[in-house]
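Participant: What follows is structure31.cif, mmCIF, N, CA and C atoms.
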```
data_query
#
loop_
_atom_site.label_atom_id
_atom_site.label_comp_id
_atom_site.auth_asym_id
_atom_site.auth_seq_id
_atom_site.Cartn_x
_atom_site.Cartn_y
_atom_site.Cartn_z
N MET A 1 -11.78 -20.68 25.25
CA MET A 1 -12.79 -20.22 24.32
C MET A 1 -12.97 -21.25 23.22
N ARG A 2 -14.22 -21.53 22.90
CA ARG A 2 -14.53 -22.37 21.74
C ARG A 2 -14.72 -21.45 20.55
N ARG A 3 -13.77 -21.52 19.61
CA ARG A 3 -13.84 -20.65 18.44
C ARG A 3 -14.87 -21.17 17.45
N LEU A 4 -15.63 -20.24 16.89
CA LEU A 4 -16.64 -20.60 15.91
C LEU A 4 -16.36 -19.98 14.55
N LEU A 5 -15.56 -18.95 14.54
CA LEU A 5 -15.32 -18.23 13.29
C LEU A 5 -13.96 -17.57 13.33
N ILE A 6 -13.27 -17.61 12.21
CA ILE A 6 -12.06 -16.82 12.01
C ILE A 6 -12.25 -16.12 10.67
N GLU A 7 -12.07 -14.82 10.68
CA GLU A 7 -12.25 -14.04 9.45
C GLU A 7 -11.09 -13.07 9.32
N PHE A 8 -10.77 -12.72 8.08
CA PHE A 8 -9.64 -11.84 7.80
C PHE A 8 -10.10 -10.64 6.99
N GLY A 9 -9.41 -9.52 7.18
CA GLY A 9 -9.73 -8.32 6.42
C GLY A 9 -8.50 -7.47 6.20
N ASN A 10 -8.62 -6.58 5.24
CA ASN A 10 -7.54 -5.65 4.91
C ASN A 10 -8.10 -4.24 4.88
N GLY A 11 -7.27 -3.30 5.28
CA GLY A 11 -7.68 -1.90 5.25
C GLY A 11 -6.52 -1.01 4.87
N ILE A 12 -6.85 0.09 4.21
CA ILE A 12 -5.83 1.00 3.70
C ILE A 12 -6.18 2.43 4.11
N ASP A 13 -5.19 3.19 4.51
CA ASP A 13 -5.34 4.63 4.66
C ASP A 13 -4.43 5.27 3.62
N GLN A 14 -5.04 5.76 2.55
CA GLN A 14 -4.27 6.35 1.45
C GLN A 14 -3.81 7.76 1.76
N HIS A 15 -4.57 8.47 2.58
CA HIS A 15 -4.25 9.86 2.89
C HIS A 15 -4.40 10.08 4.39
N GLY A 16 -3.42 10.72 4.98
CA GLY A 16 -3.48 11.03 6.40
C GLY A 16 -2.54 10.21 7.25
N GLN A 17 -2.07 9.09 6.73
CA GLN A 17 -1.09 8.25 7.41
C GLN A 17 -1.55 7.82 8.80
N SER A 18 -2.78 7.31 8.90
CA SER A 18 -3.31 6.86 10.19
C SER A 18 -3.40 5.34 10.24
N PRO A 19 -2.56 4.69 11.07
CA PRO A 19 -2.70 3.25 11.21
C PRO A 19 -4.04 2.86 11.85
N THR A 20 -4.61 3.74 12.66
CA THR A 20 -5.93 3.46 13.24
C THR A 20 -7.00 3.40 12.16
N ASP A 21 -6.98 4.35 11.24
CA ASP A 21 -7.97 4.34 10.15
C ASP A 21 -7.82 3.10 9.29
N ALA A 22 -6.58 2.72 8.98
CA ALA A 22 -6.35 1.51 8.19
C ALA A 22 -6.85 0.27 8.94
N ALA A 23 -6.59 0.21 10.25
CA ALA A 23 -7.03 -0.93 11.07
C ALA A 23 -8.55 -0.99 11.16
N MET A 24 -9.21 0.16 11.30
CA MET A 24 -10.68 0.20 11.34
C MET A 24 -11.26 -0.36 10.04
N ARG A 25 -10.67 0.02 8.93
CA ARG A 25 -11.15 -0.48 7.64
C ARG A 25 -10.92 -1.99 7.52
N ALA A 26 -9.81 -2.47 8.07
CA ALA A 26 -9.54 -3.92 8.04
C ALA A 26 -10.57 -4.68 8.88
N ILE A 27 -10.92 -4.14 10.04
CA ILE A 27 -11.93 -4.77 10.88
C ILE A 27 -13.28 -4.78 10.17
N LYS A 28 -13.67 -3.65 9.61
CA LYS A 28 -14.95 -3.58 8.91
C LYS A 28 -14.99 -4.51 7.71
N ASP A 29 -13.85 -4.64 7.01
CA ASP A 29 -13.77 -5.58 5.89
C ASP A 29 -14.01 -7.01 6.37
N ALA A 30 -13.38 -7.37 7.47
CA ALA A 30 -13.52 -8.74 7.99
C ALA A 30 -14.93 -9.02 8.48
N ILE A 31 -15.51 -8.12 9.24
CA ILE A 31 -16.82 -8.44 9.83
C ILE A 31 -17.98 -8.26 8.85
N SER A 32 -17.72 -7.60 7.74
CA SER A 32 -18.81 -7.39 6.78
C SER A 32 -19.15 -8.65 5.99
N TRP A 33 -18.34 -9.68 6.10
CA TRP A 33 -18.55 -10.89 5.31
C TRP A 33 -19.24 -12.01 6.08
N ASN A 34 -19.73 -11.75 7.28
CA ASN A 34 -20.36 -12.83 8.03
C ASN A 34 -21.60 -12.34 8.76
N TYR A 35 -22.43 -13.29 9.09
CA TYR A 35 -23.64 -13.01 9.86
C TYR A 35 -23.76 -14.16 10.85
N LEU A 36 -23.62 -13.89 12.12
CA LEU A 36 -23.42 -14.93 13.13
C LEU A 36 -24.73 -15.47 13.72
N VAL A 37 -25.60 -15.96 12.88
CA VAL A 37 -26.87 -16.48 13.40
C VAL A 37 -26.66 -17.74 14.23
N GLY A 38 -25.61 -18.49 13.97
CA GLY A 38 -25.37 -19.72 14.68
C GLY A 38 -25.14 -19.55 16.17
N LEU A 39 -24.65 -18.39 16.56
CA LEU A 39 -24.42 -18.16 17.99
C LEU A 39 -25.73 -18.24 18.77
N ARG A 40 -26.73 -17.64 18.24
CA ARG A 40 -28.03 -17.65 18.93
C ARG A 40 -28.77 -18.97 18.70
N GLU A 41 -28.78 -19.43 17.47
CA GLU A 41 -29.60 -20.58 17.13
C GLU A 41 -28.99 -21.91 17.54
N LEU A 42 -27.71 -22.11 17.29
CA LEU A 42 -27.08 -23.39 17.61
C LEU A 42 -26.64 -23.49 19.06
N LEU A 43 -26.18 -22.37 19.60
CA LEU A 43 -25.66 -22.38 20.97
C LEU A 43 -26.65 -21.84 21.99
N ALA A 44 -27.79 -21.40 21.50
CA ALA A 44 -28.81 -20.80 22.38
C ALA A 44 -28.20 -19.68 23.22
N LEU A 45 -27.38 -18.87 22.58
CA LEU A 45 -26.76 -17.74 23.26
C LEU A 45 -27.79 -16.63 23.38
N ASP A 46 -28.19 -16.35 24.59
CA ASP A 46 -29.26 -15.37 24.81
C ASP A 46 -28.77 -13.93 24.79
N ASP A 47 -27.46 -13.71 24.89
CA ASP A 47 -26.91 -12.37 24.92
C ASP A 47 -25.64 -12.35 24.07
N VAL A 48 -25.68 -11.64 22.94
CA VAL A 48 -24.52 -11.63 22.03
C VAL A 48 -23.29 -10.97 22.65
N ASP A 49 -23.48 -10.24 23.74
CA ASP A 49 -22.32 -9.67 24.42
C ASP A 49 -21.56 -10.71 25.24
N LYS A 50 -22.08 -11.94 25.30
CA LYS A 50 -21.36 -13.03 25.96
C LYS A 50 -20.33 -13.66 25.02
N MET A 51 -20.43 -13.40 23.72
CA MET A 51 -19.43 -13.96 22.82
C MET A 51 -18.11 -13.22 23.02
N VAL A 52 -17.03 -13.89 22.68
CA VAL A 52 -15.68 -13.33 22.79
C VAL A 52 -15.22 -12.99 21.37
N VAL A 53 -14.72 -11.77 21.20
CA VAL A 53 -14.22 -11.32 19.90
C VAL A 53 -12.76 -10.92 20.08
N ARG A 54 -11.88 -11.72 19.50
CA ARG A 54 -10.44 -11.45 19.57
C ARG A 54 -10.00 -10.88 18.22
N VAL A 55 -9.38 -9.72 18.28
CA VAL A 55 -8.91 -9.06 17.07
C VAL A 55 -7.40 -8.91 17.14
N THR A 56 -6.73 -9.35 16.08
CA THR A 56 -5.30 -9.10 15.94
C THR A 56 -5.12 -8.21 14.72
N ILE A 57 -4.50 -7.08 14.93
CA ILE A 57 -4.21 -6.13 13.86
C ILE A 57 -2.71 -6.12 13.62
N ALA A 58 -2.31 -6.24 12.37
CA ALA A 58 -0.91 -6.09 11.98
C ALA A 58 -0.82 -4.82 11.14
N THR A 59 -0.02 -3.88 11.62
CA THR A 59 0.07 -2.59 10.94
C THR A 59 1.41 -1.93 11.23
N PRO A 60 1.87 -1.09 10.30
CA PRO A 60 3.01 -0.26 10.63
C PRO A 60 2.63 0.69 11.78
N TYR A 61 3.56 1.08 12.55
CA TYR A 61 3.36 2.01 13.66
C TYR A 61 2.29 1.51 14.65
N PRO A 62 2.43 0.29 15.15
CA PRO A 62 1.39 -0.23 16.07
C PRO A 62 1.21 0.62 17.32
N GLU A 63 2.24 1.33 17.72
CA GLU A 63 2.15 2.16 18.93
C GLU A 63 1.23 3.36 18.72
N ARG A 64 0.90 3.69 17.49
CA ARG A 64 0.02 4.83 17.20
C ARG A 64 -1.45 4.44 17.05
N VAL A 65 -1.78 3.17 17.23
CA VAL A 65 -3.16 2.71 17.03
C VAL A 65 -4.00 2.96 18.28
N ASP A 66 -5.17 3.50 18.08
CA ASP A 66 -6.14 3.76 19.15
C ASP A 66 -6.99 2.50 19.35
N ARG A 67 -6.63 1.69 20.33
CA ARG A 67 -7.32 0.42 20.56
C ARG A 67 -8.79 0.61 20.96
N GLU A 68 -9.08 1.66 21.69
CA GLU A 68 -10.47 1.92 22.07
C GLU A 68 -11.33 2.21 20.85
N ALA A 69 -10.79 2.94 19.89
CA ALA A 69 -11.52 3.21 18.66
C ALA A 69 -11.79 1.91 17.91
N LEU A 70 -10.81 1.01 17.89
CA LEU A 70 -11.01 -0.27 17.21
C LEU A 70 -12.10 -1.08 17.89
N ALA A 71 -12.10 -1.11 19.21
CA ALA A 71 -13.14 -1.84 19.94
C ALA A 71 -14.51 -1.28 19.60
N GLY A 72 -14.59 0.03 19.38
CA GLY A 72 -15.86 0.65 19.03
C GLY A 72 -16.40 0.23 17.67
N ALA A 73 -15.54 -0.32 16.82
CA ALA A 73 -15.98 -0.79 15.51
C ALA A 73 -16.66 -2.15 15.58
N LEU A 74 -16.55 -2.80 16.73
CA LEU A 74 -17.16 -4.13 16.92
C LEU A 74 -18.49 -3.95 17.64
N PRO A 75 -19.58 -4.40 17.04
CA PRO A 75 -20.89 -4.12 17.62
C PRO A 75 -21.22 -4.89 18.89
N HIS A 76 -20.65 -6.08 19.07
CA HIS A 76 -21.03 -6.93 20.20
C HIS A 76 -19.81 -7.66 20.74
N GLY A 77 -19.99 -8.24 21.90
CA GLY A 77 -19.01 -9.16 22.43
C GLY A 77 -18.05 -8.58 23.45
N GLN A 78 -17.32 -9.50 24.06
CA GLN A 78 -16.22 -9.17 24.96
C GLN A 78 -15.00 -9.01 24.07
N LYS A 79 -14.55 -7.79 23.91
CA LYS A 79 -13.57 -7.45 22.89
C LYS A 79 -12.14 -7.49 23.42
N GLN A 80 -11.30 -8.19 22.68
CA GLN A 80 -9.87 -8.27 23.00
C GLN A 80 -9.11 -7.79 21.76
N ILE A 81 -8.33 -6.75 21.92
CA ILE A 81 -7.62 -6.15 20.79
C ILE A 81 -6.12 -6.30 21.01
N GLU A 82 -5.44 -6.87 20.03
CA GLU A 82 -3.98 -6.95 20.04
C GLU A 82 -3.47 -6.30 18.76
N VAL A 83 -2.48 -5.46 18.88
CA VAL A 83 -1.89 -4.80 17.72
C VAL A 83 -0.42 -5.18 17.66
N VAL A 84 0.00 -5.67 16.50
CA VAL A 84 1.37 -6.15 16.32
C VAL A 84 1.99 -5.46 15.11
N PRO A 85 3.31 -5.41 15.06
CA PRO A 85 3.95 -4.84 13.87
C PRO A 85 3.65 -5.70 12.65
N GLY A 86 3.41 -5.04 11.54
CA GLY A 86 3.13 -5.78 10.30
C GLY A 86 2.50 -4.86 9.28
N GLY A 87 1.62 -5.44 8.47
CA GLY A 87 1.00 -4.66 7.42
C GLY A 87 2.02 -4.25 6.38
N MET A 88 1.81 -3.07 5.81
CA MET A 88 2.72 -2.61 4.77
C MET A 88 2.72 -1.09 4.72
N LEU A 89 3.88 -0.54 4.45
CA LEU A 89 4.02 0.88 4.11
C LEU A 89 4.36 0.94 2.64
N TYR A 90 3.57 1.69 1.91
CA TYR A 90 3.84 1.89 0.50
C TYR A 90 4.08 3.37 0.28
N HIS A 91 5.16 3.69 -0.38
CA HIS A 91 5.47 5.09 -0.68
C HIS A 91 4.95 5.37 -2.09
N SER A 92 3.86 6.13 -2.15
CA SER A 92 3.15 6.35 -3.40
C SER A 92 3.82 7.36 -4.31
N GLY A 93 4.69 8.19 -3.74
CA GLY A 93 5.29 9.24 -4.54
C GLY A 93 4.34 10.41 -4.77
N HIS A 94 3.19 10.36 -4.06
CA HIS A 94 2.21 11.44 -4.21
C HIS A 94 1.64 11.77 -2.83
N ALA A 95 1.79 13.00 -2.44
CA ALA A 95 1.21 13.46 -1.17
C ALA A 95 0.36 14.68 -1.47
N SER A 96 -0.81 14.73 -0.86
CA SER A 96 -1.72 15.86 -1.06
C SER A 96 -2.04 16.49 0.29
N PRO A 97 -1.40 17.59 0.63
CA PRO A 97 -1.70 18.25 1.91
C PRO A 97 -3.19 18.59 2.04
N ARG A 98 -3.86 18.85 0.95
CA ARG A 98 -5.29 19.15 0.97
C ARG A 98 -6.10 17.96 1.53
N LEU A 99 -5.57 16.76 1.34
CA LEU A 99 -6.24 15.55 1.84
C LEU A 99 -5.69 15.09 3.19
N GLY A 100 -4.85 15.89 3.80
CA GLY A 100 -4.33 15.58 5.13
C GLY A 100 -3.01 14.84 5.14
N ASP A 101 -2.38 14.69 3.99
CA ASP A 101 -1.11 13.97 3.94
C ASP A 101 0.01 14.76 4.59
N LYS A 102 0.81 14.04 5.38
CA LYS A 102 2.03 14.60 5.96
C LYS A 102 3.25 14.16 5.15
N ASN A 103 3.08 13.05 4.42
CA ASN A 103 4.12 12.50 3.55
C ASN A 103 3.42 11.62 2.51
N ASP A 104 4.18 10.82 1.78
CA ASP A 104 3.58 10.02 0.71
C ASP A 104 3.27 8.57 1.11
N GLU A 105 3.28 8.28 2.42
CA GLU A 105 3.03 6.91 2.86
C GLU A 105 1.56 6.52 2.72
N VAL A 106 1.36 5.30 2.25
CA VAL A 106 0.06 4.66 2.27
C VAL A 106 0.19 3.52 3.27
N ILE A 107 -0.72 3.46 4.25
CA ILE A 107 -0.63 2.46 5.31
C ILE A 107 -1.64 1.35 5.05
N VAL A 108 -1.15 0.11 5.09
CA VAL A 108 -2.00 -1.06 4.91
C VAL A 108 -1.99 -1.85 6.21
N ALA A 109 -3.19 -2.20 6.70
CA ALA A 109 -3.32 -3.00 7.91
C ALA A 109 -4.07 -4.29 7.58
N ASN A 110 -3.75 -5.33 8.33
CA ASN A 110 -4.44 -6.62 8.21
C ASN A 110 -5.11 -6.93 9.53
N ALA A 111 -6.28 -7.55 9.46
CA ALA A 111 -7.01 -7.95 10.66
C ALA A 111 -7.31 -9.44 10.60
N ALA A 112 -7.15 -10.09 11.74
CA ALA A 112 -7.62 -11.46 11.95
C ALA A 112 -8.58 -11.40 13.12
N ILE A 113 -9.80 -11.88 12.91
CA ILE A 113 -10.82 -11.80 13.94
C ILE A 113 -11.32 -13.20 14.26
N GLU A 114 -11.26 -13.52 15.54
CA GLU A 114 -11.79 -14.80 16.03
C GLU A 114 -13.04 -14.51 16.86
N VAL A 115 -14.07 -15.29 16.64
CA VAL A 115 -15.29 -15.16 17.42
C VAL A 115 -15.59 -16.51 18.05
N GLY A 116 -15.94 -16.48 19.32
CA GLY A 116 -16.26 -17.72 20.01
C GLY A 116 -17.04 -17.44 21.28
N VAL A 117 -17.15 -18.48 22.06
CA VAL A 117 -17.81 -18.37 23.37
C VAL A 117 -16.89 -18.94 24.42
N ALA A 118 -16.98 -18.38 25.60
CA ALA A 118 -16.15 -18.86 26.71
C ALA A 118 -16.57 -20.27 27.09
N ASP A 119 -15.60 -21.06 27.48
CA ASP A 119 -15.89 -22.44 27.92
C ASP A 119 -16.60 -22.45 29.25
#
```
Taking this structure as input, can you express it in the form of structure tokens?

Facilitator:
Amino acid sequence: MRRLLIEFGNGIDQHGQSPTDAAMRAIKDAISWNYLVGLRELLALDDVDKMVVRVTIATPYPERVDREALAGALPHGQKQIEVVPGGMLYHSGHASPRLGDKNDEVIVANAAIEVGVAD
């Protein structure tokens, strides 16, 4: 793959303790900062689903992440999702059952997104 872009994002789930929600926010944070006009204009890419989108998510509880949901957050491309241990657990000392909290954990996820085209 010829990489054209690498972008990073962060996401937090303050209530509910969902690493998937934190990862989704990290992906949205990363992709919201770019507009990939160069794929079509410079590479004459006629179909944006031909681009390759590699996502690496670092989060606590990687085994609980819904990879299909993460792929759904990406609008185009051949999606590759990898989830690894990382991110951060913060114990806020405040849990609100009304907001869906099971405990006082705040989950932080990090995303690294690579976009390119196959060789």

Participant: How far is it from atom N of A:Tyr90 to atom N of A:Glu114, in Å with one decimal?

Facilitator: 25.2 Å

Participant: Using atom CA of A:Leu39 and atom CA of A:Asn110 as the two end points, give the distance in Å to one decimal.

Facilitator: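 Computing the Euclidean distance for atom CA of A:Leu39 and atom CA of A:Asn110 yields 25.1 Å.
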
Participant: With the file shown as input, list the residues that the PyMOL selection byres ((chain A and resi 91-95) around 6) selects, as number ranges by chain.

Facilitator: A: 89-90, 96-97, 101, 103-106

Participant: Evaluate the PyMOL selection byres (((chain A and resi 21 and name CA) around 10) and name CA) here and jot the selected residues down as a list in words.

Facilitator: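 That selection, the PyMOL selection byres (((chain A and resi 21 and name CA) around 10) and name CA), comes back as Gly11, Ile12, Asp13, Gln14, His15, Gly16, Gln17, Ser18, Pro19, Thr20, Ala22, Ala23, Met24, Arg25, Ala26, Ile27, Val65, Asp66, Ala69, Leu70, Ile107, Val108 and Ala109 of chain A.
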
Participant: Calculated over all atoms listed in the file, which of the candidates A:Ile57, A:Val52, A:Ala112, A:Leu45 has the smallest distance to A:Glu82?

Facilitator: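 Of all the options, A:Ile57 lies closest to A:Glu82.
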
Participant: Enumerate as a PyMOL selection string all residues of stretch 17-99 of chain A assigned to strand (DSSP E) by DSSP on the backbone, naming them with the chain letters and numbers the document uses.

Facilitator: chain A and resi 51-59+78-85+88-91

Participant: Identify which of the residues A:Arg40, A:Thr56, A:Pro62, A:Ile81 lies closest to A:Glu7, counting only C-alpha atoms when measuring atom-to-atom distances.

Facilitator: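 The shortest atom-to-atom distance to A:Glu7 comes from A:Thr56.
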
Participant: Expressed in Å to a single decimal, how great is the separation between atom CA of A:Ala58 and atom CA of A:Ala30?

Facilitator: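 It comes out at 13.5 Å.
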
Participant: Running DSSP on the backbone, which parts of stretch 2-118 of chain A land in alpha helix (DSSP H), as a PyMOL selection string?

Facilitator: chain A and resi 19-31+37-41+67-72

Participant: Can you give me, as a compact mmCIF listing (two decimals) with N, CA and C atoms, in the coordinates of the input, the residues this file yields under the PyMOL selection byres (((chain A and resi 2 and name CA) around 7) and name CA)?

Facilitator:
```txt
# COMPACT_ATOMS: atom_id res chain seq x y z
N MET A 1 -11.78 -20.68 25.25
CA MET A 1 -12.79 -20.22 24.32
C MET A 1 -12.97 -21.25 23.22
N ARG A 3 -13.77 -21.52 19.61
CA ARG A 3 -13.84 -20.65 18.44
C ARG A 3 -14.87 -21.17 17.45
N LEU A 4 -15.63 -20.24 16.89
CA LEU A 4 -16.64 -20.60 15.91
C LEU A 4 -16.36 -19.98 14.55
N GLY A 116 -15.94 -16.48 19.32
CA GLY A 116 -16.26 -17.72 20.01
C GLY A 116 -17.04 -17.44 21.28
N VAL A 117 -17.15 -18.48 22.06
CA VAL A 117 -17.81 -18.37 23.37
C VAL A 117 -16.89 -18.94 24.42
N ALA A 118 -16.98 -18.38 25.60
CA ALA A 118 -16.15 -18.86 26.71
C ALA A 118 -16.57 -20.27 27.09
N ASP A 119 -15.60 -21.06 27.48
CA ASP A 119 -15.89 -22.44 27.92
C ASP A 119 -16.60 -22.45 29.25
```

Participant: Go through A:Tyr61, A:Gln78, A:Asp49, A:Asn10 one by one, measure the shortest atom-to-atom distance of each to A:Asp29 using all atoms listed in the file, and give the residue with the smallest value.

Facilitator: A:Asn10

Participant: Measuring between only C-alpha atoms, which one of A:Leu99, A:Ile113, A:Met88, A:Leu5 shows the shortest distance to A:Thr59?

Facilitator: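 Distance minimum relative to A:Thr59 lands on A:Met88.
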
Participant: Taking all atoms listed in the file into account, name the residue in A:Arg98, A:Ala111, A:Val53, A:Lys28 that is nearest to A:Lys79.

Facilitator: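 The closest residue to A:Lys79 is A:Val53.
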